[in-house]
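Colleague: Have a look at this one.
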Amino acid sequence: MSAQDLTGNTAIVTGASRGFGRAIAVALHGAGAHVVGVARDGARLADLRAQLGDGFTPVTADAADPVTAGHLIDAHEPRILVLNAGASPLPRPLHQHTWETFSRSWDVDVQHAFHWTREALLRPLAPGSVVVAMSSGAAVQGSPLSGGYAGAKATIRFLTSYAADESERARLGVRFTAVLPQLTPATELGAAAVAGYAARSGMDVASYLKDRGPALTAEQAGTAITGLVTDSAQDQRAYLLTAAGLRSLG
Ligand SMILES: NC(=O)c1ccc[n+]([C@@H]2O[C@H](COP(=O)([O-])OP(=O)(O)OC[C@H]3O[C@@H](n4cnc5c(N)ncnc54)[C@H](OP(=O)(O)O)[C@@H]3O)[C@@H](O)[C@H]2O)c1
């Protein structure tokens with residue numbers, strides 16, 4: 001895959017119906033890839049199909065279902081996987097969670113990253129393929145209003161690094177990397193978290209955001225992930241993603 005030209009390559013993006021995933025699908029499509037977008041909301045995927053045309057294949061499915069991962073990898077033979085789907089945590093302090101709400105990010109985010117990563121290694125994807133998994137800045141800083149979210153996202157970073165080890169050991173030539181975006185109000189998930197932290201601090205959202213620097217936009221995430229996919233020199237295991245772009249975490 002050469003600089004910013006993905007013509008002839010297929011990308012699968014999970015969680016493509018809105019937020020970062022939708023912007024990543026648009027950016028990869030703009031770089032020439034055929035994009036298969038997976039999410040549960042068929043109407044939003046149909047809207048993206050209307051925007052992008054034949055270069056986008058919508059798939060209405062649960063990305064955390066292991067059959068979804070195996071079936072779509074076999075059917076589309078992607079060179080690019082963006083494992084972006086994620087559940088919105090219930091924004092409450094620890095003691096107001098139940099085990100079910102606390103562990104939601106494990107059932108969706110981690111389970112989905114596990115199944116897709118496993119399938120990528122088992123098949124295996126063709127040499128030169130890239131798997132990007134969406135972790136979170138919360139994996140480093142914690143997220144006290146999000147139940148098990150931060151730990152789940154840290155596990156996705158570990159899991160991706162383990163997969164990179166297995167790829168190297170078996171000389172698969174498949175690049176695995178985790179991206180840790182900074183919290184941003186630009187998506188539904190991020191806006192709910194920002195509103196929760198602002199309320200907890202006794203601030204309105206604008207005051208809470210004032211000292212946090214420029215907010216990452218979904219479009220910037222799309223551009224950054226496309227750059228990561230197309231630049232084989234960006235071969236680190238993990239990157240922090242802010243409005244300033246990607247920064248290696250080694
Ligand atoms: N926004 C932030 O501040 C931030 C910061 C760090 C990391 N992240 C991570 O970035 C990723 C994208 O988040 P976002 O902010 O763009 O959130 P979002 O706007 O809420 O979008 C989440 C996406 O995930 C999909 N999804 C959720 N469960 C799914 C399932 N079981 N199967 C298939 N798709 C599923 C949703 O689609 P359907 O509902 O249609 O299925 C939607 O497309 C997440 O992994 C999130 O944890 C976000």
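By order in the structure tokens, chains are A, B, ...; within a chain, residues start at 1; ligands start at 1, following the order shown.
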Taking only stretch 9-233 of chain A into account, list the residues labelled strand (DSSP E or B) by DSSP (computed from the backbone), as a ChimeraX atom specification.

Modeller: /A:10-14,34-39,56-60,80-83,92,130-134,146,175-181

Colleague: Please produce a file of the residues just selected, as a tab-separated table (two decimals), in the first residue's frame, where the atoms kept are C-alpha atoms.

Modeller:
chain	number	residue	atom	x	y	z
A	10	THR	CA	-10.54	-3.59	0.68
A	11	ALA	CA	-10.95	-2.16	4.17
A	12	ILE	CA	-13.41	-3.36	6.81
A	13	VAL	CA	-14.36	-0.72	9.37
A	14	THR	CA	-16.42	-1.78	12.40
A	34	HIS	CA	-13.35	-0.30	-1.18
A	35	VAL	CA	-14.83	-0.01	2.31
A	36	VAL	CA	-17.05	-2.57	4.04
A	37	GLY	CA	-18.77	-0.84	6.96
A	38	VAL	CA	-20.19	-2.87	9.84
A	39	ALA	CA	-22.69	-1.62	12.44
A	56	PHE	CA	-19.02	1.28	0.14
A	57	THR	CA	-20.66	-1.99	1.19
A	58	PRO	CA	-22.91	-1.70	4.26
A	59	VAL	CA	-23.21	-4.74	6.54
A	60	THR	CA	-25.79	-4.61	9.33
A	80	ILE	CA	-7.13	-3.22	6.11
A	81	LEU	CA	-9.13	-3.84	9.29
A	82	VAL	CA	-10.18	-0.93	11.52
A	83	LEU	CA	-11.59	-2.36	14.77
A	92	ARG	CA	-21.77	7.02	36.42
A	130	VAL	CA	-2.80	-3.62	8.53
A	131	VAL	CA	-5.04	-4.05	11.58
A	132	VAL	CA	-5.82	-0.89	13.57
A	133	ALA	CA	-7.65	-1.32	16.89
A	134	MET	CA	-9.31	1.61	18.65
A	146	SER	CA	-17.06	4.87	32.74
A	175	ARG	CA	1.00	-4.88	10.99
A	176	PHE	CA	-1.07	-4.57	14.20
A	177	THR	CA	-1.34	-1.20	15.92
A	178	ALA	CA	-3.54	0.34	18.62
A	179	VAL	CA	-4.71	3.96	18.48
A	180	LEU	CA	-5.56	5.81	21.71
A	181	PRO	CA	-7.75	8.85	20.89

Colleague: If you count only C-alpha atoms and all ligand atoms, which residues end up within 7 Å of ligand 1, as a count of residues only?

Modeller: 41

Colleague: Counting only C-alpha atoms, figure out which residue out of A:Thr155, A:Glu166, A:Ala69, A:Gly147 gets nearest to A:Thr98.

Modeller: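 Using only C-alpha atoms, A:Thr98 sits closest to A:Gly147.
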
Colleague: Can you tell me which residues surround A:Gly30 at a distance of at most 12 Å, considering only C-alpha atoms, apart from same-chain residues fewer than 5 positions away, and format the answer as number ranges by chain?

Modeller: A: 4-7, 11, 23-25, 35, 51-53, 55-56, 219, 222-223, 226-227

Colleague: May I have the residues within 10 Å of A:Arg200 as a PyMOL selection string, using only C-alpha atoms and disregarding those fewer than 4 positions away in the same chain?

Modeller: chain A and resi 92-93+145+194-196+204

Colleague: Go through stretch 84-203 of chain A and collect every residue that DSSP, computed from the backbone, puts in alpha helix (DSSP H); the answer should be as an NGL selection string.

Modeller: :A and (99-102 or 104-105 or 111-122 or 138-141 or 149-169 or 188-200)

Colleague: Contacts of A:Gly148 at 6 Å or less, counting only C-alpha atoms, minus same-chain residues fewer than 3 places along, as a compact mmCIF listing (two decimals) with N, CA and C atoms, in the first residue's frame?

Modeller:
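Written out: selection-v1.txt:
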# COMPACT_ATOMS: atom_id res chain seq x y z
N PHE A 102 -20.93 -2.19 34.26
CA PHE A 102 -19.47 -2.05 34.41
C PHE A 102 -18.73 -2.81 33.31
N SER A 103 -19.23 -4.00 32.97
CA SER A 103 -18.48 -4.88 32.05
C SER A 103 -18.91 -4.75 30.58
N GLY A 151 -10.15 -0.05 31.58
CA GLY A 151 -9.47 -1.35 31.63
C GLY A 151 -9.70 -2.14 30.35

Colleague: Which residue out of A:Arg171, A:Val110, A:Pro127, A:Ala33 has the minimum interatomic distance to A:Arg157 when only C-alpha atoms are used?

Modeller: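 Comparing A:Arg171, A:Val110, A:Pro127, A:Ala33 against A:Arg157, the winner is A:Val110.
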
Colleague: Residues near stretch 207-216 of chain A, anyone? I mean within 6 Å using only C-alpha atoms, not counting same-chain ones fewer than 4 positions away, as a ChimeraX atom specification.

Modeller: /A:184,198,203,242-243

Colleague: Which residue out of A:Thr101, A:Ser167, A:Gln220, A:Thr230 has the minimum interatomic distance to A:Thr117 when only C-alpha atoms are used?

Modeller: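 For A:Thr117, the nearest of the given residues is A:Ser167.
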